[in-house]
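Student: What follows is start-v9.cif; its format and atoms are mmCIF, C-alpha atoms (C1' of nucleotides) and all ligand atoms.
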```
data_protein
loop_
_atom_site.label_atom_id
_atom_site.label_comp_id
_atom_site.auth_asym_id
_atom_site.auth_seq_id
_atom_site.Cartn_x
_atom_site.Cartn_y
_atom_site.Cartn_z
CA MET T 1 122.78 137.26 150.26
CA SER T 2 121.15 140.58 149.89
CA THR T 3 117.64 140.87 151.19
CA ARG T 4 116.65 142.66 148.01
CA ARG T 5 117.53 139.75 145.83
CA GLU T 6 115.52 137.54 148.13
CA THR T 7 112.59 139.91 147.85
CA VAL T 8 112.62 139.63 144.09
CA ARG T 9 113.00 135.88 144.21
CA GLN T 10 109.95 135.59 146.43
CA ALA T 11 107.93 137.92 144.27
CA LEU T 12 108.69 135.61 141.38
CA THR T 13 108.02 132.43 143.33
CA GLY T 14 104.63 133.81 144.26
CA SER T 15 103.62 133.71 140.63
CA THR T 16 102.98 130.68 138.47
CA GLY T 17 103.63 132.57 135.26
CA PHE T 18 106.40 134.52 133.58
CA ARG T 19 106.77 138.10 134.80
CA SER T 20 108.65 141.08 133.48
CA ALA T 21 111.01 143.26 135.51
CA GLN T 22 108.65 146.19 135.17
CA ASP T 23 105.77 144.02 136.38
CA LEU T 24 107.59 142.81 139.42
CA TYR T 25 108.73 146.32 140.22
CA ALA T 26 105.17 147.64 140.05
CA ASP T 27 103.92 144.82 142.26
CA LEU T 28 106.61 145.30 144.86
CA ARG T 29 106.05 149.04 145.01
CA ALA T 30 102.30 148.50 145.22
CA GLU T 31 102.74 146.34 148.27
CA GLY T 32 104.85 148.97 149.99
CA SER T 33 108.42 148.03 149.15
CA LYS T 34 110.88 150.88 148.58
CA ILE T 35 112.92 148.83 146.13
CA GLY T 36 114.29 150.56 143.04
CA LEU T 37 113.77 149.50 139.47
CA THR T 38 117.50 149.17 138.89
CA THR T 39 117.74 146.74 141.75
CA VAL T 40 114.96 144.60 140.37
CA TYR T 41 116.84 144.37 137.09
CA ARG T 42 120.07 143.52 138.87
CA ALA T 43 118.43 140.86 140.99
CA LEU T 44 116.81 139.21 137.98
CA GLN T 45 120.11 139.32 136.14
CA ALA T 46 121.86 137.58 139.00
CA LEU T 47 119.14 135.02 139.48
CA SER T 48 119.15 134.31 135.80
CA ASP T 49 122.94 134.01 135.63
CA SER T 50 122.96 131.53 138.46
CA GLY T 51 120.28 129.51 136.76
CA GLU T 52 117.76 130.01 139.52
CA VAL T 53 115.21 131.54 137.21
CA ASP T 54 114.35 130.97 133.57
CA VAL T 55 114.08 133.76 131.04
CA LEU T 56 112.33 134.07 127.75
CA ARG T 57 111.39 136.85 125.37
CA THR T 58 107.86 137.86 124.55
CA ASP T 59 106.88 138.57 120.97
CA ASP T 60 107.69 142.21 121.43
CA GLY T 61 111.10 141.50 122.86
CA GLU T 62 110.44 142.05 126.53
CA ALA T 63 112.31 139.72 128.89
CA VAL T 64 110.12 137.74 131.27
CA TYR T 65 111.25 135.58 134.16
CA ARG T 66 110.00 132.58 136.08
CA ALA T 67 111.16 130.75 139.20
CA CYS T 68 110.66 127.15 138.13
CA ASP T 69 110.37 124.16 140.43
CA SER T 70 112.77 122.05 138.44
CA GLU T 71 116.45 122.84 138.48
CA GLN T 72 117.02 120.60 135.51
CA HIS T 73 116.82 121.40 131.84
CA HIS T 74 113.21 121.73 130.78
CA HIS T 75 110.87 123.72 128.61
CA HIS T 76 107.57 125.53 129.06
CA LEU T 77 104.00 125.47 127.97
CA VAL T 78 102.92 129.09 128.32
CA CYS T 79 99.47 130.64 128.23
CA ARG T 80 99.25 133.50 125.77
CA LYS T 81 96.61 135.28 127.84
CA CYS T 82 97.64 134.98 131.48
CA SER T 83 101.25 133.84 130.97
CA THR T 84 100.79 130.92 133.33
CA ALA T 85 103.34 128.25 132.55
CA VAL T 86 103.71 124.52 132.94
CA GLU T 87 107.12 122.91 133.02
CA ILE T 88 107.45 120.24 130.37
CA GLU T 89 110.04 117.77 129.17
CA GLY T 90 110.74 116.27 125.79
CA PRO T 91 113.55 113.71 125.59
CA ALA T 92 112.86 113.22 121.90
CA VAL T 93 113.34 116.91 121.26
CA GLU T 94 116.63 116.97 123.13
CA LYS T 95 117.97 114.18 120.99
CA TRP T 96 116.65 115.61 117.77
CA ALA T 97 118.23 119.02 118.41
CA ALA T 98 121.64 117.52 119.18
CA GLU T 99 121.51 115.29 116.13
CA VAL T 100 120.44 117.90 113.65
CA GLY T 101 123.17 120.19 114.93
CA ALA T 102 125.85 117.54 114.59
CA LYS T 103 124.62 116.48 111.18
CA HIS T 104 125.30 119.97 109.84
CA GLY T 105 128.70 120.23 111.45
CA PHE T 106 127.72 122.62 114.23
CA THR T 107 129.45 122.54 117.60
CA GLY T 108 128.29 123.65 121.01
CA VAL T 109 124.71 122.98 120.07
CA THR T 110 121.94 124.34 122.29
CA HIS T 111 118.28 125.02 121.69
CA THR T 112 115.29 127.05 122.73
CA VAL T 113 111.90 125.38 122.72
CA GLU T 114 108.71 126.97 124.01
CA VAL T 115 105.14 125.89 123.49
CA PHE T 116 102.38 128.51 123.56
CA GLY T 117 98.63 128.30 123.73
CA THR T 118 95.61 129.38 125.70
CA CYS T 119 95.21 127.59 129.00
CA GLY T 120 92.01 125.88 130.08
CA ASP T 121 90.84 128.68 132.32
CA CYS T 122 91.49 131.39 129.77
CA SER T 123 89.87 129.34 127.02
CA LYS T 124 86.52 129.67 128.78
CA ALA T 125 86.57 133.47 128.71
CA MET I 1 104.20 146.45 95.17
CA SER I 2 106.42 149.15 96.39
CA THR I 3 109.94 149.12 95.04
CA ARG I 4 111.24 149.82 98.54
CA ARG I 5 109.77 146.67 99.92
CA GLU I 6 111.32 144.81 97.03
CA THR I 7 114.66 146.40 97.81
CA VAL I 8 114.51 145.16 101.38
CA ARG I 9 113.40 141.72 100.30
CA GLN I 10 116.38 141.43 97.98
CA ALA I 11 118.78 142.68 100.61
CA LEU I 12 117.51 139.88 102.81
CA THR I 13 117.60 137.27 100.10
CA GLY I 14 121.20 138.15 99.48
CA SER I 15 122.10 136.90 102.91
CA THR I 16 122.10 133.37 104.19
CA GLY I 17 121.76 134.43 107.80
CA PHE I 18 119.39 136.36 110.01
CA ARG I 19 119.76 140.13 109.77
CA SER I 20 118.47 142.99 111.89
CA ALA I 21 116.64 146.03 110.56
CA GLN I 22 119.53 148.25 111.57
CA ASP I 23 121.95 145.95 109.75
CA LEU I 24 119.98 145.96 106.55
CA TYR I 25 119.56 149.72 106.72
CA ALA I 26 123.31 150.22 107.11
CA ASP I 27 124.02 147.90 104.20
CA LEU I 28 121.52 149.55 101.90
CA ARG I 29 122.81 153.02 102.69
CA ALA I 30 126.37 151.83 102.22
CA GLU I 31 125.56 150.69 98.74
CA GLY I 32 124.04 154.03 97.84
CA SER I 33 120.35 153.61 98.53
CA LYS I 34 118.49 156.63 99.93
CA ILE I 35 116.04 154.45 101.81
CA GLY I 36 115.00 155.55 105.28
CA LEU I 37 115.23 153.50 108.45
CA THR I 38 111.50 153.76 109.03
CA THR I 39 110.82 152.26 105.65
CA VAL I 40 113.11 149.33 106.35
CA TYR I 41 111.17 148.65 109.52
CA ARG I 42 107.87 148.93 107.69
CA ALA I 43 108.98 146.65 104.89
CA LEU I 44 110.19 144.00 107.31
CA GLN I 45 106.95 144.25 109.23
CA ALA I 46 104.94 143.71 106.07
CA LEU I 47 107.13 140.86 104.84
CA SER I 48 106.90 139.23 108.22
CA ASP I 49 103.13 139.65 108.42
CA SER I 50 102.67 138.06 105.05
CA GLY I 51 104.88 135.17 106.07
CA GLU I 52 107.50 135.88 103.44
CA VAL I 53 110.25 136.22 106.00
CA ASP I 54 110.91 134.55 109.33
CA VAL I 55 111.66 136.49 112.50
CA LEU I 56 113.37 135.58 115.72
CA ARG I 57 114.78 137.40 118.69
CA THR I 58 118.43 137.48 119.64
CA ASP I 59 119.44 137.04 123.26
CA ASP I 60 119.38 140.76 123.79
CA GLY I 61 115.91 141.11 122.32
CA GLU I 62 116.75 142.46 118.90
CA ALA I 63 114.52 141.24 116.07
CA VAL I 64 116.32 139.54 113.18
CA TYR I 65 114.86 138.48 109.87
CA ARG I 66 115.53 135.90 107.19
CA ALA I 67 114.12 135.21 103.76
CA CYS I 68 113.88 131.44 103.83
CA ASP I 69 113.63 129.16 100.83
CA SER I 70 110.82 127.12 102.27
CA GLU I 71 107.36 128.61 102.53
CA GLN I 72 106.29 125.83 104.84
CA HIS I 73 106.55 125.57 108.57
CA HIS I 74 110.12 124.88 109.58
CA HIS I 75 112.76 125.74 112.14
CA HIS I 76 116.36 126.91 112.06
CA LEU I 77 119.82 125.88 113.02
CA VAL I 78 121.60 129.18 113.58
CA CYS I 79 125.29 129.95 114.00
CA ARG I 80 126.00 131.96 117.10
CA LYS I 81 128.99 133.66 115.50
CA CYS I 82 128.02 134.55 111.94
CA SER I 83 124.26 134.04 112.22
CA THR I 84 124.18 131.81 109.17
CA ALA I 85 121.14 129.59 109.31
CA VAL I 86 120.04 126.22 107.96
CA GLU I 87 116.37 125.40 107.57
CA ILE I 88 115.46 122.24 109.41
CA GLU I 89 112.40 120.11 110.02
CA GLY I 90 111.32 117.93 112.90
CA PRO I 91 108.08 116.04 112.49
CA ALA I 92 108.55 114.46 115.89
CA VAL I 93 108.79 117.87 117.51
CA GLU I 94 105.63 119.07 115.80
CA LYS I 95 103.70 116.15 117.17
CA TRP I 96 105.20 116.39 120.62
CA ALA I 97 104.33 120.08 120.94
CA ALA I 98 100.73 119.54 119.90
CA GLU I 99 100.34 116.61 122.25
CA VAL I 100 101.84 118.23 125.29
CA GLY I 101 99.65 121.25 124.73
CA ALA I 102 96.49 119.18 124.44
CA LYS I 103 97.39 117.05 127.41
CA HIS I 104 97.38 120.13 129.63
CA GLY I 105 94.14 121.47 128.23
CA PHE I 106 95.66 124.26 126.15
CA THR I 107 94.03 125.39 122.93
CA GLY I 108 95.48 127.10 119.88
CA VAL I 109 98.85 125.54 120.53
CA THR I 110 101.88 126.83 118.66
CA HIS I 111 105.58 126.60 119.31
CA THR I 112 108.93 128.21 118.77
CA VAL I 113 111.93 125.99 118.25
CA GLU I 114 115.39 127.18 117.34
CA VAL I 115 118.68 125.33 117.48
CA PHE I 116 121.89 127.28 118.02
CA GLY I 117 125.53 126.40 117.68
CA THR I 118 128.78 127.34 115.99
CA CYS I 119 128.89 126.42 112.33
CA GLY I 120 131.73 124.45 110.78
CA ASP I 121 133.46 127.48 109.29
CA CYS I 122 133.30 129.50 112.48
CA SER I 123 134.43 126.53 114.56
CA LYS I 124 137.81 126.65 112.86
CA ALA I 125 138.49 130.21 113.93
"C1'" DG J 1 98.35 164.11 79.63
"C1'" DG J 2 96.66 166.32 83.96
"C1'" DA J 3 94.04 167.14 88.52
"C1'" DG J 4 93.01 165.21 92.70
"C1'" DA J 5 92.71 161.22 96.00
"C1'" DA J 6 95.30 157.59 98.18
"C1'" DA J 7 99.36 155.21 99.45
"C1'" DA J 8 104.29 155.25 100.38
"C1'" DT J 9 108.31 157.54 102.17
"C1'" DG J 10 111.63 159.51 105.43
"C1'" DA J 11 113.27 162.98 108.82
"C1'" DA J 12 112.70 163.95 113.27
"C1'" DA J 13 110.52 163.32 117.71
"C1'" DA J 14 108.55 160.10 121.02
"C1'" DT J 15 108.46 155.71 123.39
"C1'" DG J 16 109.87 152.17 126.43
"C1'" DA J 17 112.75 148.62 128.14
"C1'" DT J 18 117.24 148.11 129.72
"C1'" DT J 19 121.84 149.67 131.25
"C1'" DG J 20 125.40 152.96 133.11
"C1'" DT J 21 126.77 156.38 136.59
"C1'" DC J 22 127.68 157.75 140.98
"C1'" DA J 23 126.93 159.17 145.53
"C1'" DA J 24 124.45 157.55 149.70
"C1'" DA J 25 123.16 153.65 152.66
"C1'" DA J 26 123.85 149.12 154.48
"C1'" DA J 27 126.66 145.14 155.60
"C1'" DA J 28 130.98 142.96 156.82
"C1'" DG J 29 135.51 142.92 159.21
"C1'" DA J 30 138.77 144.20 162.31
"C1'" DT E 1 133.34 152.00 166.67
"C1'" DC E 2 136.15 152.80 162.43
"C1'" DT E 3 137.24 151.19 157.84
"C1'" DT E 4 136.44 148.73 153.77
"C1'" DT E 5 133.39 146.47 150.66
"C1'" DT E 6 128.95 145.63 148.81
"C1'" DT E 7 124.39 146.94 147.76
"C1'" DT E 8 121.13 150.22 146.60
"C1'" DG E 9 118.37 153.59 144.01
"C1'" DA E 10 117.62 158.12 141.73
"C1'" DC E 11 118.73 159.83 137.53
"C1'" DA E 12 120.75 160.04 133.05
"C1'" DA E 13 122.07 157.64 128.94
"C1'" DT E 14 121.32 153.92 125.29
"C1'" DC E 15 119.25 151.98 121.67
"C1'" DA E 16 115.85 149.45 119.00
"C1'" DT E 17 111.39 150.36 117.52
"C1'" DT E 18 107.18 153.25 116.81
"C1'" DT E 19 104.65 157.65 115.90
"C1'" DT E 20 104.03 161.86 113.71
"C1'" DC E 21 103.47 164.52 109.99
"C1'" DA E 22 104.67 166.88 105.97
"C1'" DT E 23 106.43 165.66 101.36
"C1'" DT E 24 106.77 162.69 97.42
"C1'" DT E 25 105.26 159.19 94.64
"C1'" DT E 26 101.56 156.26 92.71
"C1'" DC E 27 96.78 155.54 91.21
"C1'" DT E 28 92.37 156.77 89.28
"C1'" DC E 29 89.41 159.02 86.69
"C1'" DC E 30 88.62 162.54 83.25
ZN ZN N 201 111.48 126.76 133.60
ZN ZN N 202 115.60 121.02 125.77
ZN ZN N 203 112.92 130.05 108.07
ZN ZN N 204 107.57 123.33 114.19
#
```
Just give me the structure of the file as structure tokens.

Tutor:
Amino acid sequence: MSTRRETVRQALTGSTGFRSAQDLYADLRAEGSKIGLTTVYRALQALSDSGEVDVLRTDDGEAVYRACDSEQHHHHLVCRKCSTAVEIEGPAVEKWAAEVGAKHGFTGVTHTVEVFGTCGDCSKA
Amino acid sequence: MSTRRETVRQALTGSTGFRSAQDLYADLRAEGSKIGLTTVYRALQALSDSGEVDVLRTDDGEAVYRACDSEQHHHHLVCRKCSTAVEIEGPAVEKWAAEVGAKHGFTGVTHTVEVFGTCGDCSKA
DNA sequence: GGAGAAAATGAAAATGATTGTCAAAAAAGA
DNA sequence: TCTTTTTTGACAATCATTTTCATTTTCTCC
């Protein structure tokens, strides 16, 4: 249990939205940490592999991470402006995805589902 | 109506799966075209902007494109191995996404939904 | 058809996120 | 403490994508 990995985890937990590796690195450095960029990437990789954090890609392909409350399978409602996210569930979607996959003879069916919009706070500005 | 853009469009139409810019460029050069990589990128950008082709991101962040039959909003069932894709629809998902967005006070709600798996042909190998 | 303006093209350089390398520093074990 | 293993971080290398910019190809008007 490296302390670095813990540092990154906490930096993520401190945010309600999705954050990029570069973002987190800048924040950590700004608050005095001597952590290296490579280490931030490695920590996020590990956290992501172990399922402790969720990852998604922004429109321009950048990977962003989030330490979600739920350990179970879920999806996100993400604000386009501030990147704040709400964890959401959709049983109907789960079933639909599995069925449509099976219907076309696909195996090992998985899915990615993300909902985007502008959150209440950002809508006012 | 540049002939280059048409060339790229046809290269895409010739494939049933999602293709990357680099892929298409390699193919076009292989078949004798003198097209430049920059032009392929520009053509795909334009086709994507005008909604003529669909775009999605692979796990490693690479953008891949597809010239779909349907002009209407739809989603895809994509093979993880060969990238072949089937156009699918899910009215229930559309409604669910809009509702969950509204319920949390989000405006301008959109969504991305993709289903992945191994297609029948690839499953045999 | 031809001259000049405007748009399209592509080679090469620049960008920017992510990954690889490798030697130093820290942690774990004996 | 001494040795071995793991973690770390500066730096270089990758690689898709974007910018630049000069050249070529269209368009427009005569
Ligand atoms: Zn999540
Ligand atoms: Zn799901
Ligand atoms: Zn499509
Ligand atoms: Zn939809």

Student: Would you kindly report the residues of chain T within 10 Å of chain J, using all atoms listed in the file, as an NGL selection string?

Tutor: :T and (2 or 21-22 or 38 or 41-42 or 61-63)

Student: For the residues in that selection, give me C-alpha atoms as a compact mmCIF listing (two decimals), in the frame of the given file.

Tutor:
```txt
# COMPACT_ATOMS: atom_id res chain seq x y z
CA SER T 2 121.15 140.58 149.89
CA ALA T 21 111.01 143.26 135.51
CA GLN T 22 108.65 146.19 135.17
CA THR T 38 117.50 149.17 138.89
CA TYR T 41 116.84 144.37 137.09
CA ARG T 42 120.07 143.52 138.87
CA GLY T 61 111.10 141.50 122.86
CA GLU T 62 110.44 142.05 126.53
CA ALA T 63 112.31 139.72 128.89
```

Student: Give me, as a list in words, the residues of chain E touching chain I, with the criterion being at most 9 Å (counting all atoms listed in the file).

Tutor: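 Going by the stated atoms only, the list reads DA16, DT17 and DT18 of chain E.
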
Student: Between T:His73, T:Arg9, T:His104, T:Arg29, which has the minimum distance to chain I (counting all atoms listed in the file)?

Tutor: T:His104

Student: So what do you get for CA of Gly105 (chain T) versus CA of Cys122 (chain I), distance-wise?

Tutor: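 Atom-to-atom, CA of Gly105 (chain T) to CA of Cys122 (chain I), that is 10.4 Å.
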
Student: Set the cut-off to 8 Å, count all atoms listed in the file, and list whatever residues fall near ligand ZN 204 (chain N) as JSON, numbers by chain.

Tutor: {"I": [73, 74, 75, 89, 90, 91, 93, 94, 111, 112, 113]}

Student: Using only C-alpha atoms (C1' of nucleotides) and all ligand atoms, determine which residues fall within 9 Å of ligand ZN 203 (chain N), then list them as a PyMOL selection string.

Tutor: chain I and resi 53-55+65-76+85-88

Student: Keeping C-alpha atoms for every residue in the selection just given, could you write it to a file as a CSV table (one decimal), keeping the file's coordinate frame?

Tutor:
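Final output, part_18.csv:
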```csv
chain,number,residue,atom,x,y,z
I,53,VAL,CA,110.2,136.2,106.0
I,54,ASP,CA,110.9,134.6,109.3
I,55,VAL,CA,111.7,136.5,112.5
I,65,TYR,CA,114.9,138.5,109.9
I,66,ARG,CA,115.5,135.9,107.2
I,67,ALA,CA,114.1,135.2,103.8
I,68,CYS,CA,113.9,131.4,103.8
I,69,ASP,CA,113.6,129.2,100.8
I,70,SER,CA,110.8,127.1,102.3
I,71,GLU,CA,107.4,128.6,102.5
I,72,GLN,CA,106.3,125.8,104.8
I,73,HIS,CA,106.6,125.6,108.6
I,74,HIS,CA,110.1,124.9,109.6
I,75,HIS,CA,112.8,125.7,112.1
I,76,HIS,CA,116.4,126.9,112.1
I,85,ALA,CA,121.1,129.6,109.3
I,86,VAL,CA,120.0,126.2,108.0
I,87,GLU,CA,116.4,125.4,107.6
I,88,ILE,CA,115.5,122.2,109.4
```

Student: Could you check how far CA of Gly101 (chain T) sits from CA of Thr58 (chain I), in Å to one decimal?

Tutor: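 Atom-to-atom, CA of Gly101 (chain T) to CA of Thr58 (chain I), that is 18.5 Å.
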
Student: Between CA of Val78 (chain I) and CA of Phe116 (chain I), what is the distance, to one decimal in Å?

Tutor: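 So the two atoms, CA of Val78 (chain I) and CA of Phe116 (chain I), lie 4.8 Å apart.
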
Student: Leaving out Asp121 (chain T) and any residue of its chain fewer than 4 positions from it, which residues lie within 10 Å of it when counting all atoms listed in the file, given as a PyMOL selection string?

Tutor: (chain T and resi 79+81-82+125) or (chain I and resi 105-106)

Student: May I have the residues from that selection written out with C-alpha atoms, as a JSON list (two decimals), keeping the file's coordinate frame?

Tutor:
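This is the output file out.json:
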```json
[["chain", "number", "residue", "atom", "x", "y", "z"],
["T", 79, "CYS", "CA", 99.47, 130.64, 128.23],
["T", 81, "LYS", "CA", 96.61, 135.28, 127.84],
["T", 82, "CYS", "CA", 97.64, 134.98, 131.48],
["T", 125, "ALA", "CA", 86.57, 133.47, 128.71],
["I", 105, "GLY", "CA", 94.14, 121.47, 128.23],
["I", 106, "PHE", "CA", 95.66, 124.26, 126.15]]
```
